[in-house]
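Undergrad: Sharing target18.cif (mmCIF, C-alpha atoms) below.
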```cif
data_coords
loop_
_atom_site.label_atom_id
_atom_site.label_comp_id
_atom_site.auth_asym_id
_atom_site.auth_seq_id
_atom_site.Cartn_x
_atom_site.Cartn_y
_atom_site.Cartn_z
CA PRO A 101 -7.35 28.45 5.86
CA ASP A 102 -9.85 31.11 6.91
CA TYR A 103 -13.03 30.19 5.03
CA THR A 104 -16.50 28.80 5.50
CA ILE A 105 -18.23 26.08 3.53
CA ASP A 106 -20.63 28.69 2.11
CA GLU A 107 -17.72 30.49 0.44
CA MET A 108 -16.60 27.45 -1.55
CA ARG A 109 -17.51 27.37 -5.22
CA LYS A 110 -20.22 24.95 -6.25
CA ILE A 111 -19.12 21.70 -7.87
CA LYS A 112 -20.96 20.50 -10.97
CA THR A 113 -20.03 17.15 -12.52
CA THR A 114 -22.78 17.04 -15.16
CA GLN A 115 -22.12 20.37 -16.90
CA PRO A 116 -20.19 19.87 -20.17
CA SER A 117 -20.50 23.55 -21.13
CA PHE A 118 -17.53 25.80 -20.39
CA SER A 119 -19.68 28.94 -20.53
CA GLY A 120 -22.21 27.23 -18.25
CA LEU A 121 -19.55 26.46 -15.64
CA ILE A 122 -18.04 29.94 -15.74
CA GLY A 123 -21.39 31.74 -15.92
CA GLY A 124 -22.81 29.64 -13.11
CA ASP A 125 -19.79 30.37 -10.91
CA TYR A 126 -19.01 26.67 -10.59
CA LEU A 127 -15.54 25.42 -9.77
CA TYR A 128 -13.45 25.06 -12.94
CA VAL A 129 -10.05 23.37 -12.83
CA ASP A 130 -7.99 25.48 -15.23
CA LYS A 131 -6.93 23.39 -18.23
CA THR A 132 -6.34 26.33 -20.56
CA ARG A 133 -2.57 25.84 -20.45
CA ALA A 134 -3.14 22.60 -22.38
CA VAL A 135 -5.46 24.44 -24.77
CA HIS A 136 -2.81 27.10 -25.42
CA ASP A 137 -0.10 24.46 -25.88
CA LEU A 138 -2.31 22.70 -28.42
CA LEU A 139 -2.97 25.88 -30.40
CA SER A 140 0.71 26.83 -30.32
CA ARG A 141 1.72 23.75 -32.31
CA GLU A 142 2.34 23.81 -36.04
CA GLU A 143 -0.26 21.17 -36.87
CA ASP A 144 -3.95 22.03 -37.18
CA PHE A 145 -5.75 18.65 -37.31
CA TYR A 146 -5.89 16.67 -34.05
CA PHE A 147 -7.41 13.53 -32.59
CA LEU A 148 -7.53 12.64 -28.89
CA SER A 149 -9.21 9.71 -27.14
CA ARG A 150 -10.00 9.33 -23.45
CA PRO A 151 -12.27 7.07 -21.39
CA ARG A 152 -15.82 8.17 -20.72
CA ARG A 153 -16.47 10.90 -18.17
CA TYR A 154 -13.03 12.44 -18.50
CA GLY A 155 -14.04 15.96 -19.54
CA LYS A 156 -13.79 15.55 -23.32
CA SER A 157 -17.02 17.47 -23.94
CA LEU A 158 -15.94 20.25 -21.59
CA PHE A 159 -12.60 20.53 -23.42
CA CYS A 160 -14.46 20.76 -26.74
CA SER A 161 -16.74 23.42 -25.29
CA THR A 162 -13.70 25.35 -24.04
CA LEU A 163 -12.22 25.30 -27.55
CA HIS A 164 -15.55 26.49 -28.95
CA ALA A 165 -15.70 29.46 -26.56
CA LEU A 166 -12.09 30.31 -27.34
CA PHE A 167 -12.63 30.33 -31.11
CA ASP A 168 -15.82 32.32 -30.63
CA GLY A 169 -13.53 35.03 -29.25
CA ARG A 170 -15.27 35.10 -25.86
CA LYS A 171 -12.31 36.45 -23.93
CA GLU A 172 -14.50 37.55 -21.02
CA LEU A 173 -15.12 33.91 -20.08
CA PHE A 174 -11.38 33.28 -19.64
CA LYS A 175 -10.73 36.07 -17.15
CA GLY A 176 -8.34 34.84 -14.46
CA LEU A 177 -7.43 31.71 -16.39
CA TYR A 178 -3.97 30.80 -17.69
CA ILE A 179 -4.57 31.50 -21.37
CA ALA A 180 -5.89 35.02 -20.70
CA GLU A 181 -3.50 35.99 -17.93
CA LYS A 182 -0.23 34.25 -18.83
CA THR A 183 -0.19 34.30 -22.65
CA ASP A 184 -0.72 36.73 -25.49
CA TYR A 185 -3.37 34.64 -27.20
CA PRO A 186 -5.37 37.10 -29.39
CA PHE A 187 -8.87 35.51 -29.04
CA THR A 188 -9.50 36.08 -32.75
CA PRO A 189 -13.02 34.80 -33.59
CA PHE A 190 -13.52 32.11 -36.21
CA PRO A 191 -16.69 30.42 -37.46
CA VAL A 192 -17.11 27.22 -35.47
CA LEU A 193 -18.78 23.96 -36.50
CA HIS A 194 -19.31 21.97 -33.32
CA PHE A 195 -20.70 18.45 -33.73
CA ASP A 196 -21.72 16.07 -30.96
CA PHE A 197 -22.46 12.66 -32.47
CA SER A 198 -23.81 11.06 -29.31
CA GLY A 199 -27.45 10.06 -29.41
CA MET A 200 -27.69 9.58 -33.17
CA ASP A 201 -30.29 7.04 -34.27
CA THR A 202 -28.47 4.17 -36.00
CA ASP A 203 -31.34 1.67 -36.11
CA THR A 204 -31.99 2.19 -39.81
CA ARG A 205 -30.19 3.90 -42.66
CA ARG A 206 -33.06 6.37 -43.04
CA ASN A 207 -33.00 7.40 -39.39
CA PHE A 208 -29.22 7.67 -39.28
CA ILE A 209 -28.94 9.83 -42.42
CA ALA A 210 -31.77 12.05 -41.16
CA CYS A 211 -29.94 12.60 -37.86
CA PHE A 212 -26.67 13.24 -39.67
CA ARG A 213 -28.30 15.81 -41.96
CA LYS A 214 -29.99 17.47 -39.00
CA SER A 215 -26.71 17.91 -37.13
CA ILE A 216 -25.11 19.63 -40.14
CA ALA A 217 -28.19 21.77 -40.85
CA LYS A 218 -28.18 22.87 -37.19
CA GLU A 219 -24.60 24.12 -37.45
CA ALA A 220 -25.39 25.86 -40.74
CA MET A 221 -28.35 27.65 -39.14
CA ARG A 222 -26.31 28.64 -36.07
CA ASN A 223 -23.75 30.23 -38.38
CA GLY A 224 -26.36 31.98 -40.53
CA ILE A 225 -25.71 29.80 -43.58
CA ASP A 226 -28.37 28.34 -45.87
CA ILE A 227 -27.42 25.06 -47.56
CA PRO A 228 -29.51 22.64 -49.64
CA GLU A 229 -30.38 19.22 -48.23
CA SER A 230 -28.22 16.51 -49.74
CA THR A 231 -25.95 13.76 -48.49
CA PRO A 232 -24.26 14.62 -45.16
CA SER A 233 -20.83 14.82 -46.79
CA SER A 234 -22.08 17.15 -49.54
CA MET A 235 -23.88 19.33 -47.00
CA LEU A 236 -20.67 19.62 -45.00
CA LEU A 237 -18.72 20.58 -48.12
CA ASP A 238 -21.31 23.25 -49.01
CA LEU A 239 -21.24 24.56 -45.45
CA ILE A 240 -17.45 24.86 -45.30
CA ASP A 241 -17.37 26.55 -48.72
CA ALA A 242 -20.10 29.03 -47.73
CA LEU A 243 -18.42 29.86 -44.43
CA TYR A 244 -15.09 30.39 -46.15
CA GLU A 245 -16.68 32.84 -48.59
CA LYS A 246 -18.52 34.67 -45.82
CA ARG A 247 -16.13 34.66 -42.85
CA GLY A 248 -12.92 32.83 -43.76
CA LYS A 249 -11.47 29.60 -42.42
CA ALA A 250 -13.64 27.49 -40.12
CA VAL A 251 -12.92 25.58 -36.93
CA ILE A 252 -14.39 22.08 -36.71
CA ILE A 253 -14.89 20.37 -33.34
CA ILE A 254 -16.24 16.83 -33.28
CA ASP A 255 -17.17 15.31 -29.92
CA GLU A 256 -18.16 11.65 -29.39
CA PHE A 257 -17.13 10.84 -32.97
CA ASP A 258 -17.42 7.12 -32.29
CA ALA A 259 -20.80 7.05 -30.53
CA PRO A 260 -22.81 6.07 -33.64
CA VAL A 261 -20.14 3.55 -34.61
CA THR A 262 -20.03 1.78 -31.25
CA ASP A 263 -23.83 1.89 -30.95
CA ALA A 264 -24.03 -0.01 -34.23
CA LEU A 265 -21.33 -2.57 -33.46
CA GLY A 266 -23.92 -4.85 -31.90
CA GLU A 267 -25.24 -5.67 -35.36
CA GLU A 268 -24.58 -9.23 -36.55
CA ASN A 269 -22.26 -8.08 -39.33
CA GLY A 270 -20.50 -5.38 -37.30
CA MET A 271 -20.80 -1.73 -38.24
CA PRO A 272 -23.48 -1.31 -40.97
CA GLY A 273 -22.09 -0.27 -44.31
CA TYR A 274 -24.22 2.87 -44.51
CA ILE A 275 -22.61 4.24 -41.33
CA ARG A 276 -19.10 3.41 -42.50
CA LYS A 277 -19.71 4.95 -45.92
CA ALA A 278 -21.35 8.11 -44.56
CA PHE A 279 -18.53 8.82 -42.11
CA SER A 280 -15.79 7.88 -44.55
CA THR A 281 -17.02 10.41 -47.12
CA PHE A 282 -17.68 12.98 -44.36
CA TYR A 283 -14.06 12.84 -43.18
CA ALA A 284 -12.77 12.62 -46.74
CA ASN A 285 -14.47 15.94 -47.45
CA ILE A 286 -12.88 17.46 -44.37
CA LYS A 287 -9.50 16.41 -45.76
CA LYS A 288 -10.51 17.81 -49.16
CA SER A 289 -11.38 21.16 -47.52
CA SER A 290 -8.25 21.37 -45.36
CA GLY A 291 -7.19 24.65 -46.96
CA LYS A 292 -10.42 26.23 -45.68
CA ILE A 293 -10.12 24.89 -42.13
CA ARG A 294 -8.23 26.75 -39.39
CA PHE A 295 -8.36 23.96 -36.81
CA LEU A 296 -9.87 20.48 -36.38
CA PHE A 297 -10.27 18.64 -33.10
CA ILE A 298 -11.87 15.19 -32.87
CA THR A 299 -12.40 13.28 -29.66
CA GLY A 300 -14.02 10.06 -28.50
CA VAL A 301 -13.35 6.84 -26.65
CA THR A 302 -12.14 4.56 -29.45
CA LYS A 303 -8.52 4.56 -30.64
CA LEU A 304 -7.88 6.24 -33.97
CA SER A 305 -6.04 3.19 -35.33
CA ASN A 306 -9.19 1.10 -34.89
CA MET A 307 -11.32 3.32 -37.13
CA SER A 308 -11.30 2.60 -40.87
CA ILE A 309 -13.51 5.67 -41.41
CA PHE A 310 -10.37 7.82 -41.03
CA SER A 311 -8.41 5.97 -43.72
CA LYS A 312 -8.22 9.01 -46.00
CA MET A 313 -7.27 11.49 -43.25
CA ASN A 314 -3.51 11.02 -43.14
CA ASN A 315 -3.14 14.59 -41.85
CA LEU A 316 -4.82 13.80 -38.51
CA LEU A 317 -2.36 13.82 -35.59
CA ASP A 318 -3.19 11.49 -32.70
CA ILE A 319 -2.12 13.10 -29.40
CA SER A 320 -3.91 10.61 -27.14
CA MET A 321 -0.65 9.39 -25.57
CA ASP A 322 1.38 12.56 -26.12
CA GLU A 323 3.43 13.39 -23.01
CA ALA A 324 2.55 17.09 -23.35
CA PHE A 325 -1.15 16.30 -22.81
CA ALA A 326 -0.83 13.68 -20.08
CA ASP A 327 -2.54 16.02 -17.61
CA ALA A 328 -4.86 17.84 -20.04
CA PHE A 329 -7.81 15.70 -18.88
CA GLY A 330 -8.51 14.59 -15.34
CA TYR A 331 -7.07 16.07 -12.14
CA THR A 332 -3.49 15.79 -10.98
CA GLU A 333 -2.81 15.59 -7.26
CA PRO A 334 -1.47 19.18 -7.13
CA GLU A 335 -4.73 20.30 -8.80
CA LEU A 336 -6.72 18.24 -6.32
CA ILE A 337 -4.99 20.06 -3.46
CA GLU A 338 -5.23 23.52 -5.07
CA TYR A 339 -8.88 23.36 -6.07
CA PHE A 340 -10.34 20.96 -3.49
CA GLY A 341 -8.05 21.55 -0.52
CA GLU A 342 -10.66 23.57 1.34
CA GLY A 343 -13.14 20.76 0.89
CA MET A 344 -10.62 18.29 2.27
CA ASP A 345 -10.11 20.47 5.35
CA GLU A 346 -13.87 20.80 5.80
CA HIS A 347 -14.24 17.02 5.54
CA MET A 348 -11.51 16.48 8.14
CA GLU A 349 -13.12 19.00 10.51
CA ALA A 350 -16.46 17.23 10.13
CA ASN A 351 -14.81 13.88 10.92
CA PRO A 352 -12.47 14.54 13.87
CA GLY A 353 -10.05 11.73 14.60
CA LYS A 354 -10.71 9.89 11.33
CA TYR A 355 -7.50 11.16 9.71
CA SER A 356 -4.24 12.05 11.43
CA SER A 357 -3.35 14.57 8.69
CA ARG A 358 -4.27 15.77 5.21
CA ASP A 359 -1.55 13.47 3.86
CA GLU A 360 -3.44 10.50 5.27
CA LEU A 361 -6.65 11.72 3.61
CA LEU A 362 -4.79 12.11 0.31
CA SER A 363 -3.43 8.59 0.73
CA ARG A 364 -6.99 7.30 1.17
CA ILE A 365 -8.10 9.14 -1.96
CA ARG A 366 -5.25 7.55 -3.93
CA GLU A 367 -6.28 4.14 -2.62
CA TYR A 368 -9.94 4.64 -3.53
CA TYR A 369 -9.55 6.31 -6.91
CA ASP A 370 -6.03 5.33 -8.00
CA GLY A 371 -4.24 7.24 -10.77
CA TYR A 372 -4.46 6.91 -14.54
CA ARG A 373 -1.54 7.55 -16.88
CA PHE A 374 -1.91 8.74 -20.45
CA SER A 375 1.68 8.72 -21.64
CA ARG A 376 4.38 6.08 -21.57
CA ASP A 377 6.97 8.86 -21.30
CA SER A 378 5.43 10.69 -18.33
CA GLU A 379 5.11 9.88 -14.64
CA VAL A 380 2.07 12.18 -14.37
CA THR A 381 -1.00 10.43 -12.97
CA VAL A 382 -4.53 11.84 -12.98
CA TYR A 383 -7.81 11.16 -11.24
CA ASN A 384 -11.04 10.80 -13.18
CA PRO A 385 -12.79 14.17 -12.64
CA VAL A 386 -16.21 12.61 -11.97
CA SER A 387 -15.11 9.30 -10.44
#
```
For the structure just supplied, provide its representation as structure tokens.
TA:
Amino acid sequence: PDYTIDEMRKIKTTQPSFSGLIGGDYLYVDKTRAVHDLLSREEDFYFLSRPRRYGKSLFCSTLHALFDGRKELFKGLYIAEKTDYPFTPFPVLHFDFSGMDTDTRRNFIACFRKSIAKEAMRNGIDIPESTPSSMLLDLIDALYEKRGKAVIIIDEFDAPVTDALGEENGMPGYIRKAFSTFYANIKKSSGKIRFLFITGVTKLSNMSIFSKMNNLLDISMDEAFADAFGYTEPELIEYFGEGMDEHMEANPGKYSSRDELLSRIREYYDGYRFSRDSEVTVYNPVS
């Protein structure tokens, strides 16, 4: 191809913000087909787990931008160019539970309250300080009265849980109770929620905190989303092909062809599969 290394888009592996990637003109591997497929389904409450560093936070950020109605960020991407998605804005509650202090009940509840108060403030809602689950209920009710149904995105749902599993008696009861009532109130408010997406590392079936959420659909091993996270080999060629050619030119004689380079990449990074019913394999995007 006729290009120079200076014309290639920058690659950023530590940017979990969709708007940050697009606004910074970084390379973005288009996963909005998976987003559109997800939003085209009849269900509204979803759970998906993936290993660490697989783009879960970026996917959550992409959903946030979409439900904010920021169509301009999706210019040239599948969902804007190949579908009739309306980009209707909804109020969004976006929680990232990584980094919460679980050392003591007091610290944990304070962090939990702060995360909910932050989302209330971002949405222009004033709620009284109470238990985290009651604050969430007040926030959803206030948003529904003011702007209609809310979208809830929860990233790293299991971070506080796994951080606390080192305790002698397993997960402390105050963490289990707080999250159990939090998710119970989400279920209670389901009529006021447009869409719910929860992601983390731990399998849904291993989490007793979701016992009351029987309306949560686990799509972790759904064939339709086998390539929604990570890069397939065709994506590797489409988005990084120029870089491969540049690498080969800088190392003459090291590879007989691009196919040999691709074979080396497969050997080094292997392929992961996220569906028993699909032959699709993916590479970890920041491996």
Undergrad: Please evaluate the PyMOL selection byres ((chain A and resi 277-282) around 8) against the structure above and give the resulting residues as a JSON list (two decimals) with C-alpha atoms, keeping the file's coordinate frame.
TA:
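Output below, filename part.json:
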```
[["chain", "number", "residue", "atom", "x", "y", "z"],
["A", 232, "PRO", "CA", -24.26, 14.62, -45.16],
["A", 233, "SER", "CA", -20.83, 14.82, -46.79],
["A", 234, "SER", "CA", -22.08, 17.15, -49.54],
["A", 236, "LEU", "CA", -20.67, 19.62, -45.00],
["A", 273, "GLY", "CA", -22.09, -0.27, -44.31],
["A", 274, "TYR", "CA", -24.22, 2.87, -44.51],
["A", 275, "ILE", "CA", -22.61, 4.24, -41.33],
["A", 276, "ARG", "CA", -19.10, 3.41, -42.50],
["A", 283, "TYR", "CA", -14.06, 12.84, -43.18],
["A", 284, "ALA", "CA", -12.77, 12.62, -46.74],
["A", 285, "ASN", "CA", -14.47, 15.94, -47.45],
["A", 286, "ILE", "CA", -12.88, 17.46, -44.37],
["A", 308, "SER", "CA", -11.30, 2.60, -40.87],
["A", 309, "ILE", "CA", -13.51, 5.67, -41.41],
["A", 310, "PHE", "CA", -10.37, 7.82, -41.03],
["A", 311, "SER", "CA", -8.41, 5.97, -43.72],
["A", 312, "LYS", "CA", -8.22, 9.01, -46.00]]
```
Undergrad: List the neighbours of range 248-257 of chain A out to 10 Å using only C-alpha atoms; skip same-chain residues closer than 4 positions along the sequence, and give me the result as a CSV table (one decimal) with C-alpha atoms, in the coordinates of the input.
TA:
```
chain,number,residue,atom,x,y,z
A,144,ASP,CA,-4.0,22.0,-37.2
A,145,PHE,CA,-5.8,18.6,-37.3
A,146,TYR,CA,-5.9,16.7,-34.0
A,147,PHE,CA,-7.4,13.5,-32.6
A,149,SER,CA,-9.2,9.7,-27.1
A,152,ARG,CA,-15.8,8.2,-20.7
A,156,LYS,CA,-13.8,15.6,-23.3
A,157,SER,CA,-17.0,17.5,-23.9
A,158,LEU,CA,-15.9,20.2,-21.6
A,159,PHE,CA,-12.6,20.5,-23.4
A,160,CYS,CA,-14.5,20.8,-26.7
A,161,SER,CA,-16.7,23.4,-25.3
A,163,LEU,CA,-12.2,25.3,-27.6
A,164,HIS,CA,-15.6,26.5,-29.0
A,167,PHE,CA,-12.6,30.3,-31.1
A,168,ASP,CA,-15.8,32.3,-30.6
A,189,PRO,CA,-13.0,34.8,-33.6
A,190,PHE,CA,-13.5,32.1,-36.2
A,191,PRO,CA,-16.7,30.4,-37.5
A,192,VAL,CA,-17.1,27.2,-35.5
A,193,LEU,CA,-18.8,24.0,-36.5
A,194,HIS,CA,-19.3,22.0,-33.3
A,195,PHE,CA,-20.7,18.4,-33.7
A,196,ASP,CA,-21.7,16.1,-31.0
A,197,PHE,CA,-22.5,12.7,-32.5
A,198,SER,CA,-23.8,11.1,-29.3
A,199,GLY,CA,-27.4,10.1,-29.4
A,239,LEU,CA,-21.2,24.6,-45.4
A,240,ILE,CA,-17.4,24.9,-45.3
A,241,ASP,CA,-17.4,26.6,-48.7
A,242,ALA,CA,-20.1,29.0,-47.7
A,243,LEU,CA,-18.4,29.9,-44.4
A,244,TYR,CA,-15.1,30.4,-46.2
A,261,VAL,CA,-20.1,3.6,-34.6
A,262,THR,CA,-20.0,1.8,-31.2
A,279,PHE,CA,-18.5,8.8,-42.1
A,286,ILE,CA,-12.9,17.5,-44.4
A,289,SER,CA,-11.4,21.2,-47.5
A,290,SER,CA,-8.2,21.4,-45.4
A,291,GLY,CA,-7.2,24.6,-47.0
A,292,LYS,CA,-10.4,26.2,-45.7
A,293,ILE,CA,-10.1,24.9,-42.1
A,294,ARG,CA,-8.2,26.8,-39.4
A,295,PHE,CA,-8.4,24.0,-36.8
A,296,LEU,CA,-9.9,20.5,-36.4
A,297,PHE,CA,-10.3,18.6,-33.1
A,298,ILE,CA,-11.9,15.2,-32.9
A,299,THR,CA,-12.4,13.3,-29.7
A,300,GLY,CA,-14.0,10.1,-28.5
A,301,VAL,CA,-13.4,6.8,-26.6
A,302,THR,CA,-12.1,4.6,-29.4
```
Undergrad: Run the PyMOL selection byres ((chain A and resi 363-370) around 10) on the file and write out the hits as a PyMOL selection string.
TA: chain A and resi 333+355+357-362+371-372+381-384+387
Undergrad: If you measure from CA of Val135 in chain A to CA of Phe325 in chain A, what distance in Å do you get, rounded to one decimal?
TA: 9.4 Å
Undergrad: Residue by residue, what does the PyMOL selection byres ((chain A and resi 217) around 10) grab here? Present the result as a list of chain:residue names.
TA: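 With the PyMOL selection byres ((chain A and resi 217) around 10) on this model, the match is A:Cys211, A:Phe212, A:Arg213, A:Lys214, A:Ser215, A:Ile216, A:Lys218, A:Glu219, A:Ala220, A:Met221, A:Arg222, A:Asn223, A:Ile225, A:Asp226, A:Ile227, A:Pro228, A:Glu229, A:Pro232, A:Met235, A:Leu236, A:Leu239.
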Undergrad: Go through A:Arg109, A:Arg247, A:Lys354, A:Arg153 one by one, measure the shortest atom-to-atom distance of each to Pro385 in chain A using all atoms listed in the file, and give the residue with the smallest value.
TA: A:Arg153
Undergrad: So, with only C-alpha atoms as the atoms that count, which of A:Ala264, A:Val129, A:Met344, A:Met200 lies closest to Gly330 in chain A?
TA: A:Val129
Undergrad: For a quick check of understanding, using all atoms listed in the file, which of A:Leu166, A:Ile179, A:Phe340, A:Leu237 has the smallest distance to Ala134 in chain A?
TA: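 Closest to Ala134 in chain A of all the choices is A:Ile179.
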Undergrad: Report, in Å with one decimal, the straight-line distance from CA of Leu317 in chain A to CA of Leu304 in chain A.
TA: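 Interatomic distance here is 9.5 Å.
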Undergrad: Could you please determine the separation between CA of Glu379 in chain A and CA of Thr132 in chain A in Å, to one decimal place?
TA: 20.9 Å
Undergrad: Just checking: using all atoms listed in the file, which residue out of A:Ala259, A:Val386, A:Ala328, A:Met307 ends up closest to Ile111 in chain A?
TA: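 Checking each candidate against Ile111 in chain A, we get A:Val386 as the closest.
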Undergrad: Provide an axis-aligned box for all listed atoms of range 211-226 of chain A, padding each side by 8 Å; report its centre and its edge lengths in Å to one decimal, as JSON.
TA:
```
{"center_x": -26.9, "center_y": 22.3, "center_z": -41.0, "size_x": 22.2, "size_y": 35.4, "size_z": 25.8}
```
Undergrad: Which residue is closest to Leu121 in chain A? Choose from A:Glu143, A:Arg150, A:Leu173, A:Glu338 and count only C-alpha atoms.
TA: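 Among A:Glu143, A:Arg150, A:Leu173, A:Glu338, it is A:Leu173 that comes nearest to Leu121 in chain A.
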Undergrad: Using all atoms listed in the file for the distances, tell me which of A:Arg170, A:Met321, A:Phe187, A:Leu127 is nearest to Lys112 in chain A.
TA: A:Leu127
